Amino acid sequence: MLVKNKSDISMSEITAESVFLSRRKFIENTASLTLLGAAAMGGASLVAAAPQDKTFTNLPRSPFSTAIPPNRFEDVSTYNNFYEFGTAKEAPALYAGGLRTRPWTVQVEGEVKKTGQYALDDFLKPYALEERIYRFRCVEAWSMVVPWVGIALRDVIKGLQPGSRAKYVEFTTLHDPTQMPGQKRNVLDWPYVEGLRIDEATHPLALLAVGMYGRVLPNQNGAPLRLIVPWKYGFKSIKSIVKIRFLEDPPVSTWMWSAPSEYGFYANVNPDVDHPRWSQAKERRLGEIFKQKTLPFNGYADQVASLYTGMDLRKNF
Amino acid sequence: MNIPAVREKELVIVKTSVFLLAALPFAQFWWRAYAHTLGPNPVEAALHESGDWALRFLLITLALPLVRRVFAVAWVLRVRRMLGLFAFFYAVVHVSVYLGIDRFFDWDEIAKDILKRPYITLGLGVFLALIPLAVTSTNGMMRRLGPRWKQLHRSVYVIATLAILHYLLSLKADVRVPLIHASILLALLITRAYIQRREAV
C-alpha cells in the first residue's frame, strides 16, 4: 500500500520553512558534535554509521543482466558526472558526503491518481529489490558495466496509477545548494530535470535504483534514488530524485535547455548519430585503454528498438 | 630600469632547475600511471593534463618579459626558449595521445573530427602553427631570419588565443578554467601594450 496522500496533511501540521531549517541546523550541529565525539573515540563508529555499509542480501538475479564482468566499484564510485557536486569527475566522490539521504521525500504530481509526498522507505516498501547488471554509456564516449540494485520503474508507475493523459514522466533532482555545493554555481539551470515518454518509462528495462554492488548507492552515484535507462546516454539516468511528475506534454530536460542543438529529448545511444563534440561510434570502457564499438541502443536494440519504429532517429536524437 | 646581468655559472644552475621543474608534470604522470593513481580513465587524464600543461607553458612563456620587469630578474628571458619548447613538447604529447591512443590511428574518425568539430580543427591549427616556431627556435635560425624572426614569433599571441578557444569549445558546460586562461592572456596583452606605449614616448 502506498500511504500518505498530500491531502491527508492539514495546514496546521505543516512546519514553516524557517522553523524547519533552524531545526535542521540544530540537528545538524548536534549530529556533527556526536560524530566528532565518536571520531575522537576511535573513528570506527563513524564508518559503521554510514548508510553505504548497508548491504542487500539474497537479491534475485534478473534475466536482463548482461554477462559482461562489471567494472570495479572504485571506478564507478570515483568517476562521476554529477554536476550538483562539481564538474570534475572526481568532485562528486569528494563533495557528496554532505548529502542527507534520510529522511527523503518523493513528491508525485500531475496526471496520476496517487499524488502526494511519500517518505522514500514507504515509497519503496511494496516492491522487491533485484539486481540488474547493465551496460552504462555516457554521451562523452566512455562506458561501464554496473550491477545496480533496484526495482522496475514500471511497477512503481503502475502503483501510482497514471491517468490516460499521462503521456510523459518528468523527474527532478534535489535542489539544495547547502547539500549540493555544485549548485552554488549556475553551470546548469538547477534543479536538474529529465523525462521519458510513458512507454519508455514503463519498459521493463527502466530501473529505479537504490543500490549498486549489493550495497546502498554511494551519494556520488545518485543516492538515495536514481533512474537507470540503459539504452540511453547516462545523463538521462537522473540522480537523487525528489519529484516524479506525470505530464501530457513532453518535458524539457536540463541538457536540452542548456544546449538544444547538442542534446535531444530521446538521447538514445546511437553510434550513427554524432554528438557535435564527440563521435558516438566508439566508447572507452572505464579501466581500459582502447575503445570498442558502440552498439545501437547500447546493445539493448532487441528489447527497445520497437519503441521507436517509424521515427527518424537522426531528427529525434 | 636597471636589471643586473646573470653570471654564466648561475645560469647553468637556473637552467637545470627550470628544466627539471618543467619536466616534472611529465615525470609525475608516468609515476601516477605506474602507481595506478590516474583514475578509471587514464587516457582522458593524459589527454587533458598534457593539453593543460601545453597551454600553461605557453602562457608562462608569454608572461616572462613582464616577470623580468616586475621582479628585476634577468635570467627569466634566458629560459624563455626552453619554456617555449616545453609548451611545444606538451602539445606534441597531447596530439600524440589523441591520435595514437584516444583515436588509435583511426584516420577516418580523425578526419571526421577535424572537419566536423571546430575545437578539433582549431586544436590541429594551433599545433601546426607551433611547429615553425619550434623549428626556428635555434640560434642559427634566429640569425638567418633576422628581423623576420621576431615577426614570426609574435604569432604566438594569436596561437595562445586560439589554444584557449580550442579548450573553451571542447567543454560542455563549465568554462571557468579557459576563462581564467583568457583573462591572464588579456592582462598580459594589455600590460604589454601599455609598456610599449610608455617606452615609445
# chains A, B, ... in the order shown; residues from 1 in each chain; ligands from 1
$ interface_residues --of "chain A" --to "chain B" --cutoff "6 Å" --atoms "only C-alpha atoms" --output "ChimeraX atom specification"
/A:75,187,286-287
$ residues_around --residues "range 72-88 of chain B" --least-positions-apart "6" --cutoff "10 Å" --atoms "only C-alpha atoms" --output "JSON, numbers by chain"
{"B": [1, 2, 3, 4, 5, 6, 7, 8, 10, 11, 14, 15, 16, 18, 19, 22, 23, 50, 51, 52, 53, 54, 55, 56, 57, 58, 59, 60, 61, 62, 63, 64, 65, 66, 94, 127, 130, 131, 133, 134, 135, 137, 138, 156]}
$ write_last_selection --atoms "C-alpha atoms" --output "tab-separated table (two decimals), in the first residue's frame"
chain	number	residue	atom	x	y	z
B	1	MET	CA	65.20	50.06	-15.10
B	2	ASN	CA	68.50	48.51	-14.12
B	3	ILE	CA	68.36	44.78	-14.15
B	4	PRO	CA	71.58	43.10	-13.08
B	5	ALA	CA	73.09	40.72	-15.62
B	6	VAL	CA	73.26	36.97	-14.94
B	7	ARG	CA	76.56	35.27	-14.41
B	8	GLU	CA	77.09	32.26	-16.64
B	10	GLU	CA	74.48	30.84	-12.10
B	11	LEU	CA	72.73	30.42	-15.40
B	14	VAL	CA	68.99	28.18	-13.15
B	15	LYS	CA	68.55	26.44	-16.47
B	16	THR	CA	68.94	22.98	-14.99
B	18	VAL	CA	63.89	25.19	-14.64
B	19	PHE	CA	64.31	22.19	-16.95
B	22	ALA	CA	59.17	21.90	-16.33
B	23	ALA	CA	59.68	18.18	-16.88
B	50	SER	CA	49.13	17.31	-21.49
B	51	GLY	CA	46.80	19.90	-23.02
B	52	ASP	CA	46.64	21.83	-19.74
B	53	TRP	CA	50.43	21.91	-19.46
B	54	ALA	CA	50.94	22.94	-23.08
B	55	LEU	CA	48.65	25.91	-22.51
B	56	ARG	CA	50.18	26.75	-19.13
B	57	PHE	CA	53.70	26.80	-20.54
B	58	LEU	CA	52.53	28.92	-23.45
B	59	LEU	CA	51.13	31.48	-21.01
B	60	ILE	CA	54.22	31.29	-18.76
B	61	THR	CA	56.43	31.97	-21.78
B	62	LEU	CA	54.34	35.00	-22.67
B	63	ALA	CA	54.49	36.31	-19.11
B	64	LEU	CA	58.31	36.21	-18.88
B	65	PRO	CA	59.08	39.74	-20.15
B	66	LEU	CA	56.69	41.10	-17.56
B	94	HIS	CA	48.70	15.99	-26.30
B	127	PHE	CA	49.59	22.54	-33.22
B	130	LEU	CA	53.55	25.85	-33.22
B	131	ILE	CA	55.80	23.71	-35.43
B	133	LEU	CA	58.10	28.36	-34.01
B	134	ALA	CA	59.80	25.30	-32.53
B	135	VAL	CA	61.83	24.71	-35.68
B	137	SER	CA	63.96	28.46	-32.13
B	138	THR	CA	67.68	27.78	-32.67
B	156	VAL	CA	52.47	33.10	-30.51
$ atom_distance --atom1 "CA of Leu160 in chain A" --atom2 "CA of Thr115 in chain A"
7.5 Å
$ select_by_dssp --residues "range 65-271 of chain A" --states "strand (DSSP E)" --output "VMD selection string"
chain A and resid 105 to 110 116 to 119 130 to 137 142 to 152 168 to 173 193 to 197 207 to 212 215 to 216 226 to 228 241 to 247
$ write_last_selection --atoms "C-alpha atoms" --output "PDB file, in the first residue's frame"
ATOM      1  CA  THR A 105      10.658  12.509   0.328  1.00  0.00           C
ATOM      2  CA  VAL A 106       9.485  11.786  -3.167  1.00  0.00           C
ATOM      3  CA  GLN A 107       6.735  14.032  -4.438  1.00  0.00           C
ATOM      4  CA  VAL A 108       4.329  12.643  -7.015  1.00  0.00           C
ATOM      5  CA  GLU A 109       2.393  15.148  -9.126  1.00  0.00           C
ATOM      6  CA  GLY A 110       0.382  15.607 -12.290  1.00  0.00           C
ATOM      7  CA  GLY A 116       1.357  13.128  -2.733  1.00  0.00           C
ATOM      8  CA  GLN A 117       4.504  13.238  -0.689  1.00  0.00           C
ATOM      9  CA  TYR A 118       5.982   9.855   0.069  1.00  0.00           C
ATOM     10  CA  ALA A 119       8.660   9.036   2.546  1.00  0.00           C
ATOM     11  CA  GLU A 130      16.524  -7.146  -7.602  1.00  0.00           C
ATOM     12  CA  GLU A 131      19.988  -6.917  -9.080  1.00  0.00           C
ATOM     13  CA  ARG A 132      20.485  -5.935 -12.704  1.00  0.00           C
ATOM     14  CA  ILE A 133      23.869  -5.804 -14.367  1.00  0.00           C
ATOM     15  CA  TYR A 134      23.583  -3.189 -17.088  1.00  0.00           C
ATOM     16  CA  ARG A 135      25.873  -1.550 -19.581  1.00  0.00           C
ATOM     17  CA  PHE A 136      26.049   2.201 -18.988  1.00  0.00           C
ATOM     18  CA  ARG A 137      27.104   4.538 -21.783  1.00  0.00           C
ATOM     19  CA  TRP A 142      33.018   6.348 -22.013  1.00  0.00           C
ATOM     20  CA  SER A 143      31.120   3.417 -20.607  1.00  0.00           C
ATOM     21  CA  MET A 144      30.952   0.986 -17.742  1.00  0.00           C
ATOM     22  CA  VAL A 145      29.146  -2.132 -16.557  1.00  0.00           C
ATOM     23  CA  VAL A 146      27.362  -1.795 -13.233  1.00  0.00           C
ATOM     24  CA  PRO A 147      25.377  -4.194 -11.054  1.00  0.00           C
ATOM     25  CA  TRP A 148      22.523  -1.961  -9.919  1.00  0.00           C
ATOM     26  CA  VAL A 149      20.063  -2.793  -7.174  1.00  0.00           C
ATOM     27  CA  GLY A 150      16.563  -1.517  -7.686  1.00  0.00           C
ATOM     28  CA  ILE A 151      13.010  -2.030  -8.811  1.00  0.00           C
ATOM     29  CA  ALA A 152      11.372  -1.861 -12.222  1.00  0.00           C
ATOM     30  CA  TYR A 168       5.317  11.665 -20.256  1.00  0.00           C
ATOM     31  CA  VAL A 169       7.077  11.286 -16.932  1.00  0.00           C
ATOM     32  CA  GLU A 170       9.320  14.036 -15.612  1.00  0.00           C
ATOM     33  CA  PHE A 171      11.900  13.519 -12.866  1.00  0.00           C
ATOM     34  CA  THR A 172      13.560  16.213 -10.754  1.00  0.00           C
ATOM     35  CA  THR A 173      16.742  16.100  -8.668  1.00  0.00           C
ATOM     36  CA  VAL A 193      15.232  17.691 -14.778  1.00  0.00           C
ATOM     37  CA  GLU A 194      14.881  14.665 -17.031  1.00  0.00           C
ATOM     38  CA  GLY A 195      11.983  12.957 -18.733  1.00  0.00           C
ATOM     39  CA  LEU A 196      10.785   9.860 -20.521  1.00  0.00           C
ATOM     40  CA  ARG A 197       7.857   9.036 -22.722  1.00  0.00           C
ATOM     41  CA  LEU A 207      15.014   0.783 -13.413  1.00  0.00           C
ATOM     42  CA  LEU A 208      14.714   2.844 -10.235  1.00  0.00           C
ATOM     43  CA  ALA A 209      17.978   2.118  -8.460  1.00  0.00           C
ATOM     44  CA  VAL A 210      18.711   2.398  -4.763  1.00  0.00           C
ATOM     45  CA  GLY A 211      21.964   0.482  -4.683  1.00  0.00           C
ATOM     46  CA  MET A 212      24.887  -0.930  -6.603  1.00  0.00           C
ATOM     47  CA  ARG A 215      25.075  -2.038  -1.182  1.00  0.00           C
ATOM     48  CA  VAL A 216      23.230   1.215  -0.806  1.00  0.00           C
ATOM     49  CA  ARG A 226      18.045   7.307  -9.197  1.00  0.00           C
ATOM     50  CA  LEU A 227      16.857   6.311 -12.607  1.00  0.00           C
ATOM     51  CA  ILE A 228      18.686   3.878 -14.864  1.00  0.00           C
ATOM     52  CA  ILE A 241      15.188  12.105  -7.378  1.00  0.00           C
ATOM     53  CA  VAL A 242      12.770  14.148  -5.256  1.00  0.00           C
ATOM     54  CA  LYS A 243       9.906  14.585  -7.691  1.00  0.00           C
ATOM     55  CA  ILE A 244       8.080  12.495 -10.271  1.00  0.00           C
ATOM     56  CA  ARG A 245       5.533  14.310 -12.399  1.00  0.00           C
ATOM     57  CA  PHE A 246       3.162  12.837 -14.990  1.00  0.00           C
ATOM     58  CA  LEU A 247       2.547  15.129 -17.940  1.00  0.00           C
TER      59      LEU A 247
END
$ select_by_dssp --residues "range 50-255 of chain A" --states "alpha helix (DSSP H)" --output "PyMOL selection string"
chain A and resi 73-78+91-95+120-124+153-160+198-201+254-255
$ write_last_selection --atoms "C-alpha atoms" --output "PDB file, in the first residue's frame"
ATOM      1  CA  PHE A  73      33.381  -0.492  -7.584  1.00  0.00           C
ATOM      2  CA  GLU A  74      36.176   2.097  -7.176  1.00  0.00           C
ATOM      3  CA  ASP A  75      35.894   3.085 -10.845  1.00  0.00           C
ATOM      4  CA  VAL A  76      32.144   3.504 -10.725  1.00  0.00           C
ATOM      5  CA  SER A  77      32.190   5.422  -7.446  1.00  0.00           C
ATOM      6  CA  THR A  78      35.059   7.829  -8.196  1.00  0.00           C
ATOM      7  CA  ALA A  91      34.319  16.053  -7.462  1.00  0.00           C
ATOM      8  CA  PRO A  92      31.161  14.072  -6.574  1.00  0.00           C
ATOM      9  CA  ALA A  93      33.153  11.452  -4.641  1.00  0.00           C
ATOM     10  CA  LEU A  94      34.878  14.270  -2.748  1.00  0.00           C
ATOM     11  CA  TYR A  95      31.910  16.531  -2.020  1.00  0.00           C
ATOM     12  CA  LEU A 120      11.186   7.135   0.462  1.00  0.00           C
ATOM     13  CA  ASP A 121      11.030   3.962   2.523  1.00  0.00           C
ATOM     14  CA  ASP A 122       7.220   3.877   2.243  1.00  0.00           C
ATOM     15  CA  PHE A 123       7.514   4.621  -1.453  1.00  0.00           C
ATOM     16  CA  LEU A 124       9.742   1.586  -1.981  1.00  0.00           C
ATOM     17  CA  LEU A 153      10.125   1.665 -12.802  1.00  0.00           C
ATOM     18  CA  ARG A 154       7.053   0.220 -14.488  1.00  0.00           C
ATOM     19  CA  ASP A 155       5.919  -1.425 -11.260  1.00  0.00           C
ATOM     20  CA  VAL A 156       6.168   1.865  -9.379  1.00  0.00           C
ATOM     21  CA  ILE A 157       4.315   3.710 -12.148  1.00  0.00           C
ATOM     22  CA  LYS A 158       1.557   1.096 -12.160  1.00  0.00           C
ATOM     23  CA  GLY A 159       1.185   1.533  -8.411  1.00  0.00           C
ATOM     24  CA  LEU A 160       0.813   5.290  -8.791  1.00  0.00           C
ATOM     25  CA  ILE A 198       5.424   6.933 -20.704  1.00  0.00           C
ATOM     26  CA  ASP A 199       6.027   3.857 -22.867  1.00  0.00           C
ATOM     27  CA  GLU A 200       9.774   4.254 -22.285  1.00  0.00           C
ATOM     28  CA  ALA A 201       9.242   4.671 -18.566  1.00  0.00           C
ATOM     29  CA  THR A 254      18.096  20.305 -18.303  1.00  0.00           C
ATOM     30  CA  TRP A 255      20.591  19.469 -21.036  1.00  0.00           C
TER      31      TRP A 255
END
$ atom_distance --atom1 "CA of Met180 in chain A" --atom2 "CA of Glu84 in chain A"
5.3 Å
$ atom_distance --atom1 "CA of Pro147 in chain B" --atom2 "CA of Tyr90 in chain B"
28.1 Å
